[in-house]
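Listing of protein_7.txt; format and content: compact mmCIF, C-alpha atoms.
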```
# COMPACT_ATOMS: atom_id res chain seq x y z
CA MET A 1 24.24 4.68 -14.52
CA THR A 2 20.99 3.34 -13.11
CA PRO A 3 18.23 5.90 -13.80
CA SER A 4 15.74 4.10 -11.52
CA ILE A 5 18.00 5.01 -8.60
CA PHE A 6 19.31 8.45 -9.59
CA TYR A 7 16.05 10.00 -10.71
CA PRO A 8 14.07 9.17 -7.54
CA LEU A 9 16.93 10.46 -5.38
CA ASN A 10 16.97 13.73 -7.32
CA THR A 11 13.19 14.04 -6.94
CA PHE A 12 13.37 13.19 -3.22
CA ILE A 13 16.03 15.83 -2.52
CA ARG A 14 14.44 18.52 -4.72
CA LYS A 15 10.87 18.16 -3.39
CA ALA A 16 11.28 16.94 0.18
CA MET A 17 14.62 18.38 1.25
CA PRO A 18 15.07 21.72 -0.57
CA VAL A 19 17.67 23.18 1.80
CA LEU A 20 20.80 21.02 1.94
CA SER A 21 24.46 22.00 2.16
CA LEU A 22 26.68 21.11 -0.78
CA LYS A 23 28.69 18.82 1.51
CA ARG A 24 25.61 16.80 2.53
CA LEU A 25 24.40 16.56 -1.06
CA LEU A 26 27.77 15.20 -2.12
CA LEU A 27 27.83 12.73 0.77
CA CYS A 28 24.37 11.42 -0.09
CA PHE A 29 25.32 11.17 -3.76
CA CYS A 30 28.51 9.27 -2.93
CA LEU A 31 26.56 6.77 -0.84
CA CYS A 32 24.12 6.19 -3.66
CA VAL A 33 26.79 5.54 -6.30
CA HIS A 34 29.46 3.84 -4.18
CA ASN A 35 30.45 0.57 -5.90
CA LEU A 36 27.28 0.78 -8.01
CA PRO A 37 28.69 -0.93 -11.16
CA GLY A 38 29.69 -4.03 -9.20
CA LEU A 39 26.48 -4.10 -7.19
CA ALA A 40 23.89 -3.74 -9.96
CA ALA A 41 22.76 -7.35 -9.56
CA GLU A 42 22.37 -6.90 -5.82
CA MET A 43 20.47 -3.61 -5.85
CA PRO A 44 16.76 -3.76 -4.98
CA GLY A 45 14.16 -3.80 -7.71
CA PRO A 46 11.66 -0.96 -8.24
CA ASP A 47 8.94 -2.84 -6.33
CA ASP A 48 11.09 -3.88 -3.35
CA VAL A 49 10.23 -2.31 0.02
CA LEU A 50 13.39 -1.80 2.06
CA ILE A 51 11.74 -0.30 5.14
CA ALA A 52 8.19 -1.55 5.62
CA SER A 53 5.86 0.90 7.39
CA SER A 54 2.42 0.85 8.98
CA LEU A 55 0.16 3.25 10.89
CA ILE A 56 -1.25 1.98 14.19
CA ALA A 57 -3.63 3.81 16.54
CA SER A 58 -3.55 3.29 20.28
CA THR A 59 -7.37 3.30 20.19
CA GLY A 60 -9.83 3.08 17.33
CA SER A 61 -12.37 5.17 19.27
CA PRO A 62 -10.72 8.29 20.76
CA SER A 63 -12.97 10.42 22.94
CA PRO A 64 -13.80 14.11 22.23
CA GLY A 65 -11.22 16.54 23.61
CA SER A 66 -8.66 13.80 24.19
CA THR A 67 -5.11 13.33 22.97
CA THR A 68 -4.41 9.84 21.72
CA THR A 69 -1.29 8.36 20.14
CA LEU A 70 -0.48 7.08 16.68
CA ALA A 71 2.53 4.89 15.96
CA ILE A 72 4.36 4.89 12.64
CA LEU A 73 6.02 1.50 12.76
CA MET A 74 9.15 1.25 10.60
CA GLU A 75 10.65 -2.18 9.92
CA PRO A 76 14.00 -2.22 8.08
CA GLN A 77 14.52 -5.32 5.95
CA GLY A 78 17.78 -7.26 5.84
CA GLU A 79 20.85 -4.99 6.03
CA TRP A 80 18.94 -1.75 5.43
CA HIS A 81 18.52 0.95 8.07
CA GLY A 82 16.46 4.09 8.67
CA TYR A 83 17.50 7.43 10.18
CA TRP A 84 16.96 9.41 13.37
CA LYS A 85 15.51 12.93 13.21
CA GLN A 86 19.08 14.29 12.89
CA PRO A 87 20.73 11.65 10.70
CA GLY A 88 24.35 12.56 11.39
CA ASP A 89 26.99 13.10 8.71
CA VAL A 90 25.11 11.24 5.97
CA GLY A 91 21.45 10.65 5.26
CA LEU A 92 18.24 12.63 5.33
CA PRO A 93 15.48 12.86 7.94
CA ALA A 94 12.03 11.58 7.04
CA THR A 95 9.30 14.06 6.08
CA PHE A 96 5.61 13.72 6.92
CA THR A 97 2.57 15.29 5.25
CA TRP A 98 -0.63 14.74 7.21
CA HIS A 99 -4.17 14.73 5.82
CA LEU A 100 -6.63 15.16 8.69
CA PRO A 101 -10.22 16.16 9.45
CA ASP A 102 -10.67 19.83 10.39
CA ASP A 103 -11.20 19.06 14.08
CA VAL A 104 -8.02 17.00 14.51
CA THR A 105 -4.37 18.07 14.92
CA VAL A 106 -1.08 16.17 15.23
CA GLY A 107 2.22 16.91 16.94
CA ALA A 108 5.77 16.23 15.84
CA PRO A 109 6.94 12.59 15.85
CA ALA A 110 8.80 11.40 18.94
CA TYR A 111 11.82 9.23 18.07
CA PRO A 112 13.29 6.36 20.12
CA LEU A 113 16.98 6.21 20.98
CA PRO A 114 19.04 5.80 17.81
CA GLN A 115 22.13 3.69 17.20
CA MET A 116 25.58 4.77 16.04
CA LEU A 117 26.87 3.54 12.69
CA LEU A 118 30.34 4.70 11.64
CA ILE A 119 31.14 4.12 7.95
CA GLU A 120 34.45 5.34 6.50
CA GLY A 121 34.76 8.06 9.12
CA LEU A 122 31.16 9.28 8.74
CA MET A 123 28.84 8.99 11.72
CA ASN A 124 25.25 7.92 11.05
CA HIS A 125 22.40 8.03 13.59
CA VAL A 126 20.30 5.06 12.55
CA TYR A 127 17.87 2.25 13.31
CA GLU A 128 18.85 -1.23 12.15
CA HIS A 129 15.86 -2.90 13.83
CA PRO A 130 12.09 -2.20 13.91
CA TYR A 131 11.26 1.12 15.57
CA ALA A 132 8.15 3.21 16.18
CA LEU A 133 7.71 6.96 15.86
CA LEU A 134 4.95 8.16 18.21
CA VAL A 135 2.68 11.05 17.27
CA ASP A 136 0.08 12.75 19.48
CA LEU A 137 -3.33 13.15 17.87
CA THR A 138 -5.65 15.71 19.51
CA LEU A 139 -9.43 15.92 18.98
CA ASP A 140 -11.62 18.98 19.46
CA ASP A 141 -14.11 18.93 22.34
CA ASP A 142 -17.33 19.10 20.34
CA LEU A 143 -17.00 16.08 18.04
CA PRO A 144 -20.19 13.96 18.10
CA ASP A 145 -19.95 10.32 19.10
CA GLY A 146 -19.43 8.02 16.12
CA THR A 147 -17.89 10.69 13.86
CA PRO A 148 -15.47 9.04 11.40
CA LEU A 149 -11.92 10.41 11.43
CA PRO A 150 -9.98 9.46 8.29
CA ILE A 151 -6.25 9.84 8.94
CA ARG A 152 -3.54 9.70 6.28
CA VAL A 153 0.16 10.47 6.31
CA ASP A 154 2.42 10.64 3.26
CA MET A 155 6.06 9.91 4.12
CA GLN A 156 9.34 10.28 2.27
CA TYR A 157 12.43 8.73 3.81
CA LEU A 158 15.80 7.24 2.98
CA ALA A 159 16.67 3.55 3.31
CA CYS A 160 20.41 2.85 3.42
CA ARG A 161 22.86 0.03 3.92
CA TYR A 162 26.67 0.11 4.09
CA ASP A 163 27.09 0.63 0.33
CA ALA A 164 23.97 2.34 -1.03
CA CYS A 165 20.95 4.53 -0.27
CA VAL A 166 17.51 4.43 -1.87
CA PRO A 167 14.71 7.01 -1.34
CA GLU A 168 11.36 5.47 -0.46
CA HIS A 169 7.86 6.82 0.08
CA ALA A 170 4.71 5.48 1.67
CA SER A 171 1.12 6.59 2.16
CA LEU A 172 -0.39 5.19 5.36
CA GLU A 173 -4.00 5.58 6.43
CA THR A 174 -6.56 4.51 8.98
CA THR A 175 -10.06 5.60 10.00
CA LEU A 176 -10.93 6.18 13.66
CA HIS A 177 -14.40 6.85 15.10
CA VAL A 178 -15.10 9.18 18.00
CA GLY A 179 -16.02 7.08 21.01
CA ASP A 180 -15.05 6.21 24.57
CA GLY A 181 -11.26 5.82 24.14
CA HIS A 182 -11.26 2.07 24.79
CA GLN A 183 -7.90 0.36 24.31
CA LEU A 184 -7.36 -3.31 23.56
CA PRO A 185 -4.91 -4.88 26.04
CA ASP A 186 -2.48 -6.16 23.39
CA VAL A 187 -2.41 -2.76 21.65
CA ALA A 188 -1.87 -1.00 25.00
CA ALA A 189 1.08 -3.32 25.72
CA ARG A 190 2.69 -2.55 22.35
CA PHE A 191 2.39 1.19 22.92
CA ALA A 192 3.81 0.84 26.43
CA SER A 193 6.92 -0.86 25.00
CA TRP A 194 7.29 1.81 22.32
CA ARG A 195 7.00 4.60 24.90
CA GLN A 196 9.63 2.88 27.02
CA ALA A 197 12.07 3.25 24.12
CA LEU A 198 11.68 7.05 24.02
CA PRO A 199 14.22 9.30 25.77
CA ARG A 200 12.98 11.05 28.92
CA PRO A 201 13.01 14.85 29.08
CA LEU A 202 15.55 16.34 31.49
CA ALA A 203 13.77 18.87 33.70
CA ALA A 204 16.67 21.36 33.92
CA PRO A 205 18.85 22.66 31.09
CA ALA A 206 22.38 21.39 30.68
CA SER A 207 25.19 23.88 30.14
CA PHE A 208 28.28 23.97 27.96
CA ASP A 209 31.32 26.01 27.09
CA VAL A 210 33.69 25.98 24.13
CA GLU A 211 37.47 26.36 24.37
CA GLY A 212 39.06 26.36 20.94
CA ASP A 213 37.56 23.34 19.20
CA LEU A 214 36.68 21.56 22.48
CA LEU A 215 33.07 21.54 23.62
CA ARG A 216 32.47 20.64 27.27
CA LEU A 217 28.87 19.76 28.17
CA ARG A 218 27.69 19.52 31.79
CA VAL A 219 24.52 17.50 32.41
CA PRO A 220 22.88 17.44 35.86
CA LEU A 221 22.61 13.76 36.74
CA PRO A 222 22.75 12.21 40.23
CA ALA A 223 25.78 10.04 40.88
CA SER A 224 23.42 7.22 41.86
CA VAL A 225 22.17 6.85 38.27
CA SER A 226 24.20 4.16 36.53
CA ILE A 227 25.37 4.59 32.95
CA GLN A 228 26.62 2.08 30.38
CA ASP A 229 28.22 2.93 27.04
CA PRO A 230 26.93 6.54 27.03
CA HIS A 231 26.88 8.69 23.90
CA LEU A 232 25.72 12.19 23.00
CA PHE A 233 23.54 12.58 19.87
CA SER A 234 23.14 16.19 18.84
CA ALA A 235 19.65 16.94 17.50
CA THR A 236 20.90 20.35 16.30
CA ARG A 237 22.90 20.07 13.12
CA GLY A 238 26.41 21.45 13.33
CA ALA A 239 26.57 21.72 17.14
CA ILE A 240 29.19 18.96 17.51
CA ASP A 241 31.43 16.91 15.25
CA ASN A 242 29.32 13.74 15.11
CA ALA A 243 32.24 11.40 14.37
CA ALA A 244 34.68 12.87 16.91
CA PRO A 245 35.62 10.83 20.00
CA GLN A 246 33.61 11.60 23.14
CA ARG A 247 35.12 11.61 26.61
CA ILE A 248 32.49 11.14 29.30
CA LYS A 249 33.20 11.40 33.02
CA ARG A 250 31.38 12.05 36.25
CA ARG A 251 31.91 14.84 38.75
CA GLY A 252 29.55 14.51 41.69
CA ASP A 253 26.01 14.98 40.43
CA GLU A 254 27.13 16.05 36.97
CA LEU A 255 27.94 14.11 33.83
CA ILE A 256 30.66 15.80 31.76
CA VAL A 257 30.85 15.21 28.01
CA GLU A 258 33.88 16.50 26.11
CA THR A 259 34.02 16.34 22.33
CA ARG A 260 34.92 18.43 19.29
CA ALA A 261 32.65 21.41 18.68
CA GLY A 262 30.84 21.59 15.37
CA ALA A 263 31.17 24.23 12.71
CA GLN A 264 27.82 25.87 13.55
CA ILE A 265 27.76 25.89 17.33
CA ALA A 266 25.51 28.64 18.71
CA ASP A 267 24.52 29.61 22.25
CA ALA A 268 22.11 26.67 22.62
CA PHE A 269 21.45 23.28 21.12
CA GLN A 270 19.21 20.25 21.59
CA ALA A 271 20.54 16.74 22.10
CA THR A 272 19.74 13.24 23.27
CA LEU A 273 22.11 11.68 25.79
CA LYS A 274 22.17 7.89 25.73
CA LEU A 275 22.83 6.52 29.21
CA SER A 276 22.36 2.87 28.23
CA ASP A 277 20.78 0.90 25.40
CA SER A 278 17.36 1.35 27.01
CA LEU A 279 17.62 4.77 28.70
CA GLY A 280 18.21 8.21 27.25
CA LEU A 281 17.59 11.84 28.15
CA ASP A 282 16.40 14.65 25.90
CA ILE A 283 18.31 17.75 26.93
CA GLY A 284 18.49 21.41 26.07
CA ALA A 285 21.99 22.82 26.47
CA LYS A 286 22.80 26.49 26.94
CA ARG A 287 26.18 28.18 26.92
CA GLY A 288 26.94 29.24 30.47
CA SER A 289 27.61 28.12 34.02
CA PRO A 290 26.82 24.65 35.46
CA THR A 291 23.25 23.81 36.43
CA SER A 292 22.27 22.02 39.64
CA VAL A 293 20.33 18.78 39.65
CA PRO A 294 16.58 19.53 39.89
CA ASP A 295 14.60 18.04 42.74
CA GLY A 296 13.23 14.62 41.87
CA GLU A 297 15.37 14.19 38.74
CA GLY A 298 17.44 11.43 40.30
CA GLU A 299 14.38 9.46 41.36
CA ARG A 300 12.82 9.76 37.87
CA ALA A 301 16.00 8.57 36.18
CA ARG A 302 16.42 5.68 38.64
CA ARG A 303 12.85 4.51 38.01
CA HIS A 304 13.57 4.20 34.29
CA GLN A 305 16.77 2.24 34.63
CA PRO A 306 16.56 -1.30 33.19
```
What's the structure tokens form of this structure?
Amino acid sequence: MTPSIFYPLNTFIRKAMPVLSLKRLLLCFCLCVHNLPGLAAEMPGPDDVLIASSLIASTGSPSPGSTTTLAILMEPQGEWHGYWKQPGDVGLPATFTWHLPDDVTVGAPAYPLPQMLLIEGLMNHVYEHPYALLVDLTLDDDLPDGTPLPIRVDMQYLACRYDACVPEHASLETTLHVGDGHQLPDVAARFASWRQALPRPLAAPASFDVEGDLLRLRVPLPASVSIQDPHLFSATRGAIDNAAPQRIKRRGDELIVETRAGAQIADAFQATLKLSDSLGLDIGAKRGSPTSVPDGEGERARRHQP
């Protein structure tokens, strides 16, 4: 065995991911040991960084009472990939521990559209290219001008390729100063491109029903909105069978997704519906009757088409 690989994985799972099903533990373990004896010379060294990361602020001088944005930029190296917030059949989501001044709070990271990666019948929700997680940073109203704001985030995440997974960690930090919220044009352009990669929230809930092992999801979407290579990513674990085929069709102003229901389907779940490589919708689905298209939803979706 290779202790430098097995021990960190055990530590990562025990400390960062304490609640895992036996099936997922076994799947992660199998990925980490698959073909290991023949790949020892090709495995990364202890000092190799497989997914480089950096913390970038949209402004170095956020104003009191404002909400600004931080980007955690993740850059997979070579054949390695990172994971979406719900990694699929294999993998683990990243964890974040923030260290902030008392007058500052952060929200949950917003993830861009993921990619599908099917390996030996297991569906992975991944990023094989650089991607940015966006986090809202909110300041209290009464912070004096010039106050330094040291920001640090400790991350634990999994870097994988087709034959192996390696747990990684990073500690990223920056110091902001309370000011007028000025943004540099090149930084503003980068954040605009990262925001463009985020799914848009669907104003009305989708609906679904289950017949046997078939789940049928109905998403209100005007017929005028074009789609290309659509796919449903469930953000709720166990709602659907991630690797099952998906049949997607249109019926008037509804998009119908049919796939195999998961083992833990409840009366509601969260998902991201990819409409194209550059357009997705974050949806909340409830068990029940179809939902009509909300006013203005078609225009919003059309505006975001590439």
Exercise for the section: Enter the distance from atom CA of A:Thr175 to atom CA of A:Pro199, in Å, rounded to one decimal. Expected result: 29.2 Å
Problem - Proximity to A:Asp145 - best of A:Pro64, A:Asp103, A:Pro205, A:Pro130, all atoms listed in the file - result: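 Checking each of A:Pro64, A:Asp103, A:Pro205, A:Pro130 against A:Asp145, counting all atoms listed in the file, the winner is A:Pro64.
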Exercise for the section: Could you tell me which of A:His169, A:Arg195, A:Arg250, A:Arg152 comes closest to A:His99 if we count all atoms listed in the file? Expected result: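 Counting all atoms listed in the file, the residue closest to A:His99 is A:Arg152.
Interatomic distance, atom CA of A:His129 to atom CA of A:Thr272: 19.1 Å.
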Exercise for the section: Rounded to one decimal place, report the atom CA of A:Pro76-atom CA of A:Asp229 distance in Å. Expected result: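 Result for atom CA of A:Pro76 versus atom CA of A:Asp229: 24.3 Å, one decimal.
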Exercise for the section: Using only C-alpha atoms, pick whichever of A:Ala57, A:Gly65, A:Leu117, A:Arg247 has the shortest atom-to-atom distance to A:Arg260. Expected result: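 Checking each of A:Ala57, A:Gly65, A:Leu117, A:Arg247 against A:Arg260, counting only C-alpha atoms, the winner is A:Arg247.
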Practice task
Extract, using only C-alpha atoms, all DNA, RNA and protein residues at most 10 Å from A:Tyr157, discarding same-chain residues fewer than 4 positions from it, and format them as a list in words.
Solution key: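 Once the adjacent positions are removed, what remains is Phe12, Ala16, Ile51, Gly82, Tyr83, Gly91, Leu92, Pro93, Ala94, Thr95, Phe96, Val166, Pro167, Glu168, His169 and Ala170 of chain A.
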Problem - Shell of 9 Å around A:Ala71, all atoms listed in the file, local chain residues under 4 positions omitted, as a ChimeraX atom specification - result: /A:54-58,109,132-136,191,194
Completion exercise
Among A:Gly179, A:Pro230, A:Gly107, A:Gly288, A:Arg216 is approached most closely, using all atoms listed in the file, by A:Gly288
Exercise for the section: Would you please work out which residue, of A:Glu79, A:Glu173, A:Asp277, A:Asp267, is nearest to A:Ser53 when using all atoms listed in the file? Expected result: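 Of A:Glu79, A:Glu173, A:Asp277, A:Asp267, the one nearest A:Ser53 is A:Glu173, counting all atoms listed in the file.
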Practice task
Using only C-alpha atoms, determine which residues lie at most 10 Å from stretch 278-281 of chain A, disregarding the query and same-chain residues fewer than 4 positions distant; provide the list as a PyMOL selection string.
Solution key: chain A and resi 112-114+196-203+219+227-228+230-232+271-274+301+304-306
Handout entry: Counting all atoms listed in the file, the option among A:Met116, A:Ala243, A:Ile283, A:Ile248 closest to A:Pro220
Key =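 Of the candidates, the smallest distance to A:Pro220 is held by A:Ile283.
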